[in-house]
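The file coords01.cif contains mmCIF, C-alpha atoms:
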data_start
loop_
_atom_site.label_atom_id
_atom_site.label_comp_id
_atom_site.auth_asym_id
_atom_site.auth_seq_id
_atom_site.Cartn_x
_atom_site.Cartn_y
_atom_site.Cartn_z
CA MET A 5 -63.91 -61.12 -107.62
CA PRO A 6 -67.53 -61.69 -106.72
CA HIS A 7 -68.78 -65.03 -107.89
CA ASP A 8 -72.22 -65.78 -109.28
CA HIS A 9 -73.11 -67.47 -106.06
CA SER A 10 -75.99 -69.59 -107.21
CA ASP A 11 -76.55 -71.96 -110.08
CA HIS A 12 -80.31 -71.68 -109.69
CA ASP A 13 -83.03 -69.29 -108.77
CA ASP A 14 -82.35 -69.95 -105.09
CA PRO A 15 -83.66 -67.53 -102.47
CA GLN A 16 -80.10 -66.79 -101.39
CA SER A 17 -79.42 -65.33 -104.83
CA LEU A 18 -81.73 -62.45 -103.88
CA LEU A 19 -79.31 -61.46 -101.11
CA PRO A 20 -75.99 -59.62 -101.42
CA PRO A 21 -73.12 -61.78 -102.71
CA ASP A 22 -70.77 -60.93 -99.85
CA PRO A 23 -71.58 -63.38 -97.03
CA ALA A 24 -71.09 -60.83 -94.26
CA LEU A 25 -73.59 -58.54 -95.99
CA ARG A 26 -75.88 -61.51 -96.62
CA VAL A 27 -76.05 -62.24 -92.87
CA LYS A 28 -76.65 -58.59 -92.15
CA ALA A 29 -79.46 -58.40 -94.70
CA LEU A 30 -81.18 -61.49 -93.26
CA GLU A 31 -80.77 -60.30 -89.69
CA THR A 32 -82.15 -56.87 -90.54
CA LEU A 33 -85.14 -58.33 -92.37
CA LEU A 34 -86.03 -60.79 -89.60
CA THR A 35 -85.57 -58.11 -86.95
CA ARG A 36 -87.85 -55.67 -88.79
CA LYS A 37 -90.47 -58.42 -89.08
CA GLY A 38 -90.24 -58.96 -85.32
CA LEU A 39 -89.04 -62.54 -85.75
CA ILE A 40 -85.68 -62.31 -84.06
CA ASP A 41 -84.27 -60.37 -81.15
CA PRO A 42 -80.71 -59.23 -82.05
CA ALA A 43 -79.85 -59.38 -78.36
CA ALA A 44 -80.65 -63.11 -78.44
CA LEU A 45 -78.05 -63.52 -81.18
CA ASP A 46 -75.52 -61.77 -78.94
CA VAL A 47 -76.28 -64.21 -76.12
CA ILE A 48 -75.90 -67.23 -78.42
CA ILE A 49 -72.58 -65.96 -79.78
CA ASP A 50 -71.27 -65.14 -76.30
CA THR A 51 -72.28 -68.61 -75.07
CA TYR A 52 -70.25 -70.46 -77.68
CA ALA A 53 -67.41 -67.94 -77.99
CA HIS A 54 -66.71 -67.71 -74.26
CA LYS A 55 -68.68 -70.10 -72.05
CA VAL A 56 -69.16 -73.50 -73.68
CA GLY A 57 -66.04 -75.13 -75.06
CA PRO A 58 -63.46 -77.90 -74.66
CA GLN A 59 -62.83 -76.92 -71.06
CA ASN A 60 -66.14 -78.65 -70.29
CA GLY A 61 -65.16 -81.93 -71.90
CA ALA A 62 -61.75 -81.75 -70.23
CA GLN A 63 -63.44 -81.68 -66.83
CA VAL A 64 -65.42 -84.79 -67.77
CA VAL A 65 -62.26 -86.61 -68.88
CA ALA A 66 -60.28 -85.61 -65.80
CA ARG A 67 -63.06 -86.86 -63.56
CA ALA A 68 -63.37 -90.10 -65.54
CA TRP A 69 -59.64 -90.66 -65.03
CA SER A 70 -59.74 -90.06 -61.31
CA ASP A 71 -63.18 -91.09 -60.02
CA PRO A 72 -64.11 -94.76 -60.63
CA ALA A 73 -67.74 -94.22 -59.64
CA PHE A 74 -68.04 -91.39 -62.16
CA LEU A 75 -66.39 -93.50 -64.86
CA ALA A 76 -68.93 -96.24 -64.20
CA ALA A 77 -71.75 -93.70 -64.44
CA LEU A 78 -70.28 -92.32 -67.66
CA ARG A 79 -70.18 -95.81 -69.17
CA GLU A 80 -73.73 -96.50 -68.03
CA ASN A 81 -75.28 -93.22 -69.24
CA ALA A 82 -72.94 -90.49 -70.42
CA THR A 83 -75.82 -88.08 -71.05
CA ALA A 84 -76.91 -88.24 -67.42
CA ALA A 85 -73.36 -88.23 -66.06
CA CYS A 86 -72.46 -85.09 -68.04
CA ALA A 87 -75.77 -83.41 -67.19
CA GLY A 88 -74.85 -83.97 -63.55
CA MET A 89 -71.85 -81.70 -64.16
CA GLY A 90 -74.05 -79.11 -65.88
CA PHE A 91 -73.11 -80.09 -69.45
CA GLU A 92 -76.24 -80.78 -71.46
CA GLY A 93 -78.49 -79.53 -74.22
CA ARG A 94 -78.29 -78.62 -77.85
CA GLN A 95 -76.14 -81.01 -79.93
CA GLY A 96 -75.43 -83.05 -76.82
CA GLU A 97 -78.83 -84.54 -76.14
CA HIS A 98 -77.54 -88.12 -76.39
CA LEU A 99 -73.92 -88.61 -75.37
CA VAL A 100 -71.64 -91.65 -75.50
CA ALA A 101 -68.08 -91.72 -74.13
CA VAL A 102 -65.60 -93.97 -75.94
CA GLU A 103 -62.39 -94.89 -74.14
CA ASN A 104 -58.99 -95.17 -75.76
CA THR A 105 -56.92 -98.15 -74.64
CA PRO A 106 -53.54 -99.58 -75.63
CA ARG A 107 -55.48 -101.79 -78.07
CA THR A 108 -57.96 -99.28 -79.55
CA HIS A 109 -57.74 -95.63 -80.57
CA ASN A 110 -61.09 -93.92 -81.16
CA MET A 111 -61.60 -90.98 -83.51
CA VAL A 112 -64.81 -89.08 -84.34
CA VAL A 113 -66.04 -87.60 -87.62
CA CYS A 114 -69.32 -86.56 -89.21
CA THR A 115 -69.01 -87.40 -92.90
CA LEU A 116 -72.51 -86.12 -93.75
CA CYS A 117 -72.39 -82.72 -92.05
CA SER A 118 -70.67 -81.49 -88.87
CA CYS A 119 -72.22 -83.29 -85.87
CA TYR A 120 -70.20 -82.57 -82.73
CA PRO A 121 -70.85 -82.60 -78.96
CA TRP A 122 -71.46 -78.89 -78.42
CA PRO A 123 -72.07 -78.92 -74.64
CA LEU A 124 -68.72 -80.67 -74.10
CA LEU A 125 -66.52 -79.24 -76.86
CA GLY A 126 -68.32 -76.13 -78.13
CA ILE A 127 -68.51 -75.27 -81.81
CA PRO A 128 -66.37 -77.53 -84.02
CA PRO A 129 -63.12 -76.14 -85.41
CA GLY A 130 -62.85 -75.39 -89.11
CA TRP A 131 -60.85 -78.50 -89.95
CA TYR A 132 -63.52 -80.77 -88.43
CA LYS A 133 -66.05 -79.28 -90.87
CA SER A 134 -63.66 -79.37 -93.85
CA ASP A 135 -64.21 -81.55 -96.89
CA ALA A 136 -60.76 -83.06 -96.40
CA TYR A 137 -61.50 -84.31 -92.88
CA ARG A 138 -65.03 -85.48 -93.67
CA ALA A 139 -63.91 -87.34 -96.79
CA ARG A 140 -60.68 -88.85 -95.50
CA ALA A 141 -61.16 -89.65 -91.81
CA VAL A 142 -63.11 -92.84 -92.54
CA ARG A 143 -60.88 -94.21 -95.31
CA ALA A 144 -57.46 -92.98 -94.21
CA PRO A 145 -57.59 -92.21 -90.48
CA ARG A 146 -53.91 -92.92 -89.96
CA ALA A 147 -52.86 -90.54 -92.71
CA VAL A 148 -55.12 -87.89 -91.18
CA LEU A 149 -53.70 -88.56 -87.72
CA ALA A 150 -50.19 -88.08 -89.14
CA GLU A 151 -51.28 -84.63 -90.34
CA PHE A 152 -52.02 -83.88 -86.68
CA GLY A 153 -48.60 -85.25 -85.70
CA VAL A 154 -50.09 -88.40 -84.18
CA HIS A 155 -48.49 -91.77 -84.94
CA LEU A 156 -50.08 -94.77 -83.26
CA PRO A 157 -48.25 -97.89 -82.10
CA GLU A 158 -48.45 -100.79 -84.54
CA GLY A 159 -50.62 -102.88 -82.25
CA GLN A 160 -53.35 -100.27 -81.78
CA THR A 161 -56.54 -100.58 -83.84
CA VAL A 162 -58.28 -97.43 -85.07
CA ARG A 163 -62.04 -97.26 -84.70
CA VAL A 164 -63.57 -94.21 -86.46
CA TRP A 165 -67.02 -93.19 -85.23
CA ASP A 166 -69.07 -91.55 -87.99
CA SER A 167 -71.74 -89.49 -86.17
CA THR A 168 -74.64 -90.16 -88.53
CA ALA A 169 -77.46 -89.77 -85.97
CA GLU A 170 -78.07 -87.63 -82.87
CA ILE A 171 -75.60 -89.58 -80.74
CA ARG A 172 -72.60 -87.41 -79.88
CA TYR A 173 -69.28 -89.01 -79.02
CA LEU A 174 -66.62 -87.90 -76.54
CA VAL A 175 -63.27 -89.66 -76.76
CA ILE A 176 -61.69 -90.38 -73.38
CA PRO A 177 -57.96 -90.29 -74.17
CA GLN A 178 -55.49 -92.52 -72.39
CA ARG A 179 -54.31 -91.02 -69.14
CA PRO A 180 -50.70 -89.84 -69.40
CA GLU A 181 -48.12 -91.70 -67.38
CA GLY A 182 -46.80 -90.08 -64.25
CA THR A 183 -50.08 -88.40 -63.27
CA GLU A 184 -51.03 -90.68 -60.40
CA GLY A 185 -52.62 -88.75 -57.59
CA TRP A 186 -52.97 -85.51 -59.59
CA GLU A 187 -55.85 -83.18 -58.84
CA THR A 188 -58.57 -83.05 -61.50
CA GLY A 189 -57.73 -79.43 -62.35
CA ALA A 190 -54.15 -80.40 -63.25
CA LEU A 191 -55.38 -83.43 -65.17
CA ALA A 192 -57.90 -81.36 -67.14
CA ALA A 193 -55.08 -79.08 -68.29
CA LEU A 194 -53.58 -82.06 -70.15
CA VAL A 195 -56.79 -82.77 -72.07
CA THR A 196 -56.85 -80.99 -75.42
CA ARG A 197 -59.85 -80.55 -77.68
CA ASP A 198 -58.24 -82.73 -80.32
CA ALA A 199 -57.61 -85.49 -77.76
CA MET A 200 -61.37 -85.59 -77.14
CA ILE A 201 -62.09 -85.86 -80.89
CA GLY A 202 -59.39 -88.50 -81.25
CA THR A 203 -57.13 -86.51 -83.59
CA GLY A 204 -54.77 -85.88 -80.70
CA LEU A 205 -53.50 -87.45 -77.51
CA ALA A 206 -53.53 -86.04 -74.01
CA LYS A 207 -50.46 -83.94 -73.26
CA ALA A 208 -47.59 -85.62 -71.44
CA ALA A 209 -47.09 -84.81 -67.77
CA THR A 210 -44.32 -82.29 -67.21
CA MET B 2 -78.88 -91.54 -105.38
CA SER B 3 -76.21 -89.65 -103.53
CA ARG B 4 -75.85 -85.96 -102.96
CA VAL B 5 -72.70 -83.93 -102.74
CA HIS B 6 -72.64 -83.78 -98.93
CA ASP B 7 -72.19 -87.58 -98.72
CA MET B 8 -68.41 -87.40 -99.06
CA GLY B 9 -67.12 -90.08 -96.67
CA GLY B 10 -64.35 -92.09 -98.34
CA ARG B 11 -64.10 -89.76 -101.34
CA PHE B 12 -60.72 -89.50 -103.05
CA GLY B 13 -59.06 -86.29 -104.13
CA ASP B 14 -59.17 -84.00 -101.08
CA GLY B 15 -55.86 -82.63 -99.89
CA PRO B 16 -54.44 -82.78 -96.38
CA VAL B 17 -56.33 -81.62 -93.31
CA HIS B 18 -54.98 -78.31 -92.03
CA PRO B 19 -55.52 -78.16 -88.26
CA GLU B 20 -55.83 -74.66 -86.83
CA PRO B 21 -54.00 -73.91 -83.60
CA ALA B 22 -55.88 -74.81 -80.43
CA ASP B 23 -56.20 -71.13 -79.53
CA ALA B 24 -57.77 -70.10 -82.86
CA PRO B 25 -60.95 -68.05 -82.34
CA VAL B 26 -64.21 -70.01 -82.24
CA PHE B 27 -65.59 -67.77 -84.97
CA GLU B 28 -62.92 -66.93 -87.51
CA GLU B 29 -64.98 -63.99 -88.83
CA ALA B 30 -67.58 -62.02 -86.91
CA TRP B 31 -70.24 -62.92 -89.47
CA HIS B 32 -69.70 -66.64 -88.80
CA GLY B 33 -71.03 -66.30 -85.27
CA ARG B 34 -73.83 -64.10 -86.53
CA ALA B 35 -74.80 -66.74 -89.14
CA LEU B 36 -74.85 -69.49 -86.53
CA ALA B 37 -76.86 -67.45 -84.06
CA LEU B 38 -79.30 -66.27 -86.72
CA THR B 39 -79.89 -69.86 -87.79
CA LEU B 40 -80.55 -70.97 -84.22
CA ALA B 41 -82.84 -68.05 -83.48
CA ALA B 42 -84.80 -68.55 -86.71
CA GLY B 43 -85.10 -72.26 -85.90
CA ALA B 44 -86.70 -71.31 -82.59
CA LEU B 45 -89.69 -69.98 -84.56
CA GLY B 46 -90.64 -73.65 -84.85
CA GLN B 47 -91.29 -73.71 -88.59
CA TRP B 48 -88.89 -76.57 -89.34
CA ASN B 49 -87.02 -79.34 -87.57
CA LEU B 50 -83.37 -80.38 -87.52
CA ASP B 51 -83.78 -82.91 -90.33
CA VAL B 52 -85.54 -80.40 -92.57
CA SER B 53 -82.73 -77.91 -91.99
CA ARG B 54 -80.03 -80.47 -92.77
CA HIS B 55 -81.85 -81.39 -95.96
CA ALA B 56 -82.07 -77.72 -96.95
CA ARG B 57 -78.27 -77.50 -96.85
CA GLU B 58 -77.89 -80.78 -98.71
CA ARG B 59 -80.14 -79.45 -101.49
CA LEU B 60 -77.71 -76.71 -102.38
CA SER B 61 -76.55 -77.39 -105.92
CA PRO B 62 -73.34 -79.45 -105.99
CA GLY B 63 -71.50 -76.44 -107.37
CA ASP B 64 -72.70 -74.17 -104.58
CA TYR B 65 -72.11 -76.81 -101.91
CA ALA B 66 -68.51 -77.28 -102.99
CA ARG B 67 -67.84 -73.55 -103.43
CA PHE B 68 -69.53 -72.20 -100.33
CA SER B 69 -67.70 -71.92 -97.05
CA TYR B 70 -69.30 -73.66 -94.08
CA TYR B 71 -71.45 -70.81 -92.86
CA GLU B 72 -72.39 -69.80 -96.39
CA LYS B 73 -74.00 -73.24 -96.63
CA TRP B 74 -75.93 -72.46 -93.46
CA LEU B 75 -77.08 -69.13 -94.91
CA GLY B 76 -78.12 -70.79 -98.16
CA GLY B 77 -80.14 -73.38 -96.26
CA LEU B 78 -81.67 -70.71 -94.02
CA ALA B 79 -82.78 -68.54 -96.95
CA THR B 80 -84.37 -71.58 -98.59
CA LEU B 81 -86.26 -72.54 -95.43
CA LEU B 82 -87.45 -69.00 -94.70
CA VAL B 83 -89.01 -68.76 -98.17
CA GLU B 84 -90.31 -72.33 -98.41
CA GLN B 85 -92.00 -72.13 -95.01
CA GLY B 86 -93.49 -68.75 -95.83
CA VAL B 87 -91.64 -66.95 -93.05
CA VAL B 88 -90.38 -64.34 -95.49
CA ALA B 89 -91.33 -63.57 -99.09
CA ARG B 90 -88.93 -63.43 -101.98
CA ASP B 91 -89.60 -59.75 -102.54
CA GLU B 92 -88.69 -59.06 -98.92
CA LEU B 93 -85.37 -60.85 -99.42
CA ALA B 94 -84.86 -58.72 -102.51
CA GLY B 95 -85.35 -55.53 -100.49
CA ALA B 96 -89.09 -54.80 -100.43
CA ALA B 97 -90.49 -53.27 -97.25
CA PRO B 98 -90.91 -55.99 -94.58
CA ARG B 99 -94.49 -56.94 -93.76
CA ALA B 100 -95.78 -57.91 -90.31
CA SER B 101 -95.67 -61.61 -89.44
CA ASP B 102 -98.05 -63.78 -87.41
CA LEU B 103 -94.96 -65.57 -86.09
CA ALA B 104 -93.69 -62.53 -84.18
CA SER B 105 -95.18 -63.94 -80.96
CA ARG B 106 -92.72 -66.84 -81.27
CA CYS B 107 -89.63 -64.62 -81.42
CA LEU B 108 -86.90 -65.98 -79.13
CA PRO B 109 -86.13 -63.32 -76.50
CA ALA B 110 -82.56 -62.98 -75.25
CA GLU B 111 -83.51 -64.03 -71.73
CA HIS B 112 -84.83 -67.40 -72.95
CA VAL B 113 -81.66 -68.35 -74.84
CA PRO B 114 -79.89 -70.20 -71.98
CA LYS B 115 -82.98 -72.30 -71.29
CA VAL B 116 -83.51 -73.15 -74.96
CA LEU B 117 -79.87 -74.12 -75.47
CA SER B 118 -79.71 -76.26 -72.33
CA ARG B 119 -82.95 -78.03 -73.23
CA GLY B 120 -81.82 -78.89 -76.75
CA GLY B 121 -83.92 -81.17 -78.92
CA PRO B 122 -83.77 -84.79 -77.74
CA THR B 123 -84.73 -87.32 -80.43
CA LEU B 124 -85.33 -90.33 -78.17
CA ARG B 125 -88.95 -91.53 -78.45
CA ASP B 126 -91.17 -94.42 -77.49
CA GLY B 127 -91.35 -96.91 -80.32
CA PRO B 128 -91.14 -100.52 -81.40
CA ALA B 129 -88.95 -103.07 -79.64
CA PRO B 130 -85.56 -103.50 -81.32
CA ARG B 131 -85.25 -106.28 -83.86
CA PHE B 132 -81.50 -106.61 -83.36
CA ALA B 133 -79.37 -107.09 -80.26
CA VAL B 134 -75.82 -106.00 -79.52
CA GLY B 135 -73.53 -108.54 -81.19
CA ASP B 136 -75.93 -109.34 -84.02
CA ALA B 137 -74.63 -109.51 -87.57
CA VAL B 138 -76.46 -107.11 -89.91
CA ARG B 139 -76.22 -105.92 -93.50
CA THR B 140 -77.04 -102.40 -94.64
CA ARG B 141 -79.42 -101.90 -97.50
CA LEU B 142 -78.31 -100.99 -101.00
CA PRO B 143 -78.63 -98.36 -102.40
CA ALA B 144 -78.31 -95.86 -99.58
CA GLY B 145 -80.98 -93.35 -100.64
CA ASN B 146 -84.25 -92.32 -99.04
CA GLN B 147 -86.83 -95.02 -99.76
CA ALA B 148 -89.85 -92.71 -99.92
CA VAL B 149 -88.51 -89.55 -101.56
CA ALA B 150 -86.17 -89.57 -104.55
CA GLY B 151 -83.12 -87.52 -103.65
CA GLY B 152 -84.50 -87.23 -100.12
CA HIS B 153 -82.68 -86.98 -96.84
CA THR B 154 -81.06 -90.07 -95.39
CA ARG B 155 -78.34 -90.78 -92.85
CA LEU B 156 -76.98 -93.99 -94.34
CA PRO B 157 -73.74 -92.85 -95.96
CA GLY B 158 -73.07 -94.16 -99.45
CA TYR B 159 -69.82 -95.81 -98.40
CA ALA B 160 -71.69 -97.92 -95.81
CA ALA B 161 -74.46 -99.14 -98.13
CA GLY B 162 -74.68 -102.87 -98.82
CA GLN B 163 -72.08 -103.67 -96.16
CA ALA B 164 -71.89 -106.40 -93.55
CA GLY B 165 -71.44 -105.18 -89.99
CA ARG B 166 -72.17 -105.94 -86.37
CA VAL B 167 -74.30 -104.11 -83.82
CA VAL B 168 -72.16 -102.68 -81.01
CA LEU B 169 -74.58 -100.25 -79.32
CA SER B 170 -78.37 -100.05 -79.13
CA HIS B 171 -79.79 -96.59 -78.44
CA GLY B 172 -83.56 -97.09 -78.16
CA CYS B 173 -85.97 -95.51 -80.66
CA HIS B 174 -85.11 -92.18 -82.27
CA VAL B 175 -86.90 -89.85 -84.68
CA PHE B 176 -86.38 -91.21 -88.22
CA PRO B 177 -84.71 -88.48 -90.33
CA ASP B 178 -85.78 -89.96 -93.67
CA ALA B 179 -89.41 -89.29 -92.70
CA ASN B 180 -89.00 -86.25 -90.46
CA ALA B 181 -87.13 -84.27 -93.11
CA HIS B 182 -90.09 -84.56 -95.48
CA GLY B 183 -93.14 -83.81 -93.36
CA LEU B 184 -93.91 -87.51 -92.98
CA GLY B 185 -93.87 -87.48 -89.19
CA GLU B 186 -91.28 -88.63 -86.70
CA ARG B 187 -91.82 -92.39 -87.21
CA PRO B 188 -89.36 -93.37 -84.46
CA GLU B 189 -87.29 -96.48 -85.09
CA PRO B 190 -84.67 -98.37 -83.11
CA LEU B 191 -81.24 -96.83 -83.62
CA TYR B 192 -78.00 -98.80 -83.46
CA THR B 193 -74.29 -98.24 -83.76
CA VAL B 194 -72.96 -100.71 -86.33
CA VAL B 195 -69.26 -101.46 -86.73
CA PHE B 196 -67.73 -102.27 -90.11
CA ASP B 197 -64.33 -103.72 -90.92
CA ALA B 198 -62.24 -101.19 -92.84
CA GLY B 199 -61.15 -103.95 -95.20
CA ASP B 200 -64.78 -104.63 -96.12
CA LEU B 201 -65.46 -100.95 -96.74
CA TRP B 202 -62.35 -99.97 -98.65
CA GLY B 203 -60.83 -103.17 -99.98
CA ALA B 204 -57.33 -102.11 -99.07
CA PRO B 205 -57.46 -100.52 -95.60
CA GLU B 206 -54.57 -98.61 -94.12
CA ARG B 207 -54.17 -101.39 -91.58
CA ALA B 208 -56.00 -104.72 -91.27
CA GLY B 209 -58.42 -104.72 -88.37
CA ASP B 210 -59.21 -101.01 -88.35
CA GLU B 211 -62.90 -100.22 -88.04
CA VAL B 212 -65.54 -97.62 -88.85
CA THR B 213 -68.88 -97.26 -87.08
CA CYS B 214 -72.11 -95.58 -88.21
CA ASP B 215 -75.30 -94.83 -86.28
CA LEU B 216 -78.06 -96.47 -88.29
CA TRP B 217 -81.83 -96.78 -88.02
CA GLU B 218 -83.42 -100.20 -88.11
CA SER B 219 -84.97 -99.84 -91.56
CA TYR B 220 -81.47 -99.34 -92.99
CA LEU B 221 -80.61 -102.85 -91.81
CA GLU B 222 -81.43 -106.46 -92.54
CA PRO B 223 -80.17 -109.56 -90.73
CA GLY B 224 -76.62 -110.52 -91.61
CA VAL B 225 -74.96 -113.91 -91.59
#
Can the structure from this file be put into C-alpha cells for me?
Amino acid sequence: MPHDHSDHDDPQSLLPPDPALRVKALETLLTRKGLIDPAALDVIIDTYAHKVGPQNGAQVVARAWSDPAFLAALRENATAACAGMGFEGRQGEHLVAVENTPRTHNMVVCTLCSCYPWPLLGIPPGWYKSDAYRARAVRAPRAVLAEFGVHLPEGQTVRVWDSTAEIRYLVIPQRPEGTEGWETGALAALVTRDAMIGTGLAKAAT
Amino acid sequence: MSRVHDMGGRFGDGPVHPEPADAPVFEEAWHGRALALTLAAGALGQWNLDVSRHARERLSPGDYARFSYYEKWLGGLATLLVEQGVVARDELAGAAPRASDLASRCLPAEHVPKVLSRGGPTLRDGPAPRFAVGDAVRTRLPAGNQAVAGGHTRLPGYAAGQAGRVVLSHGCHVFPDANAHGLGERPEPLYTVVFDAGDLWGAPERAGDEVTCDLWESYLEPGV
C-alpha cells in the first residue's frame, strides 16, 4: 500500500508517492524548464551501467601485482597512478590504495553515506549502501566477512577504513598462489569487486 | 547531536545480504534515472557536495529509515531544488513550469564525459598541518557541527572523544562543516586516524583490530 511518504511538509511530498513516478515528474519538470537535457541522463546512466565498473579496478590491481614500478607509483600517489591508466574523476578525485598482507586485511565502508571509488569500481552495490553494512562493518567486521563467506586466519588483523572524507580507498587483495608469470589480463580475471572493497578475496588460480 | 545517518556501530541491524557479482548496476530503471538526474541537476552549480549530503541527512529519521537509497537521493534533490529557488513548490505540485535564468547552465549530453572525468577535487591550499604521521591525537567530544546545531559533520559519533594515531596526512581539503552551510570552503589539514577496536567498542571481535576515519584538523586535539 502507498505510504504517507513524508512526516513533514517536505518538497518531496508534493510529488507522486511512487518513486519511479517521482523521478519522472522531476525529470519532466526540469526538462520543461530547460534545466536538464534528458540525453545527458542517458549518457550518465550508460557510463555507469556499461563503461565504468570493477573491471577498471581489477586492471589496477593486476598491474600492481605484476609491475613493481607501478606498485611504487601507486603507493606514492594512487590518484596519479590510476589517472595514468585513464581512471579518474567524480568520486575518485583523491585515491589511496591499501594492500592486504598476511598480517593485515583491509576492508572499506562509508558509515555516514555511501562513499565509494566510482572511477575504479563504478556505482556501489546495494549491500554496500545498506544500513546493515554501514552499521556493522566497523563494529563487527569479522561477522560481516563471514556473511560473505570470508574467514580470516587467526593471525590476521582487520583494519576497517571508514571513508568519512573525499579520500577513496581501493583494497589491493593478496595475490593468489600459483599465478607467477601470469599475464595481467589473466590476473585481472581473479580480482572481484568484493576483493577490492575487502569483503572478498581474490579468486584462487585454477 | 547525532542524526539518523550516523549509524556506524549501531546495534540491531540484521545480516548483510550480498547480491551476486553479476547483479545489474541499477536494480530498477528509475534508480539510474534518479542518480543521473541528481548529477545533472548538481551541474547547474546551485549547491556543492556537502550541501547535497546534508540535504539527505535532514530527511526526518522516519523517512530516512523507510526510504530506499535512491528515494533518499530524490528527497534530498527535491529539498535542494526548492531551497535554492531552482523550482517553486507549485511547479512540483503540477503548475505550469516557468522559464529559468539557469537554463544557460544546463549540462548538455556531449559535456557529460568531460564533467565526470574532471570530478570535484577538494584539495586546496591551506595552513600547514599541526600533526604528523605517527602523532597521537584525540577526537573532540561531542561529534556535532561546532557552528550549526544539527549541522553537517564528518566525525562519526562512534569516533568522538577517542584516542587514535595519525597514519596518513592528505594536505588541506574543503571543510564540510563549513561548506555545507554557506560558510565557505575553509580548507583544513585532513588526516587518516587509526583507532583500536577495543577502545571504540570495549569488547572487539578480536584484540588488535582497527578502524580508521578521515578527519579534519579541527576535529582533533593532541593526544598523549
Handout entry: Who sits within 8 Å of Gly202 in chain A, only C-alpha atoms, same chain under 6 positions skipped, as a list in words
Key =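 The residues that qualify are His109, Asn110, Met111, Val112, Val175 and Pro177 of chain A.
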Handout entry: Residue list for chain B near chain A as a PyMOL selection string, 7 Å, all atoms listed in the file
Key = chain B and resi 6-11+14-19+26+31+33-35+37-38+41-42+61+64+72+76+79-80+83+90+93-94+98-101+103-104+107-110+113+117-122+155+202+206+209-215
Exercise for the section: Identify which of the residues B:Pro130, B:Gly199, B:Asn180, B:Tyr192 lies closest to Trp48 in chain B, counting only C-alpha atoms when measuring atom-to-atom distances. Expected result: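 Comparing B:Pro130, B:Gly199, B:Asn180, B:Tyr192 against Trp48 in chain B, the winner is B:Asn180.
Note that CA of Pro157 in chain B and CA of Arg131 in chain B are 21.4 Å apart.
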Exercise for the section: Could you jot down the CA of Ala161 in chain B to CA of Leu221 in chain B separation for me, Å, one decimal place? Expected result: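 Separation of CA of Ala161 in chain B and CA of Leu221 in chain B: 9.6 Å.
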Practice task
Pick out the residues sitting within 7 Å of Gly182 in chain A, and hand them over as an NGL selection string; count all atoms listed in the file, and ignore anything fewer than 2 positions along from it in its own chain.
Solution key: :A and (180 or 184 or 209)
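For the pair CA of Ala22 in chain B and CA of Leu125 in chain A, the interatomic distance is 12.1 Å.
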Practice task
Specify as JSON, numbers by chain each residue included when the PyMOL selection byres ((chain A and resi 176) around 10) is applied to this file.
Solution key: {"A": [61, 62, 64, 65, 66, 68, 69, 101, 102, 103, 104, 105, 109, 110, 173, 174, 175, 177, 178, 179, 195, 199, 200, 201, 202, 205, 206]}
Exercise for the section: To verify the selection step, state as a ChimeraX atom specification which residues the PyMOL selection byres ((chain B and resi 137) around 8) yields on this input. Expected result: /B:135-136,138-139,164-167,223-225
Problem - For Phe27 in chain B, the nearest of the candidates B:Tyr71, B:Leu82, B:Asn49, B:Tyr65, counting all atoms listed in the file - result: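 Residue with the minimum atom-to-atom distance to Phe27 in chain B: B:Tyr71.
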Exercise for the section: Excluding Leu156 in chain B and any residue of its chain fewer than 2 positions from it, enumerate the residues within 7 Å of it, using all atoms listed in the file, and give them as a ChimeraX atom specification. Expected result: /B:144,154,158,160-161,216
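Remark: residues at most 8 Å from position (-78.2, -104.4, -100.0) in file coordinates are Arg139, Thr140, Arg141, Leu142, Pro143, Ala161, Gly162 and Gln163 of chain B, using all atoms listed in the file.
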Problem - Ala193 in chain A environment, 9 Å, all atoms listed in the file, sequence neighbours closer than 4 positions dropped, as a PyMOL selection string - result: chain A and resi 59+62-63+66+188-189+207
Take range 97-108 of chain B from the block and save it with C-alpha atoms, as a CSV table (one decimal), in the first residue's frame.
chain,number,residue,atom,x,y,z
B,97,ALA,CA,2.9,25.1,-15.5
B,98,PRO,CA,6.7,25.3,-15.5
B,99,ARG,CA,8.1,28.8,-15.7
B,100,ALA,CA,11.3,29.8,-17.6
B,101,SER,CA,14.5,29.8,-15.6
B,102,ASP,CA,17.6,32.0,-15.7
B,103,LEU,CA,19.7,28.9,-15.1
B,104,ALA,CA,18.8,27.3,-18.4
B,105,SER,CA,22.1,28.5,-19.8
B,106,ARG,CA,23.8,26.2,-17.3
B,107,CYS,CA,22.0,23.1,-18.5
B,108,LEU,CA,24.5,20.2,-18.9
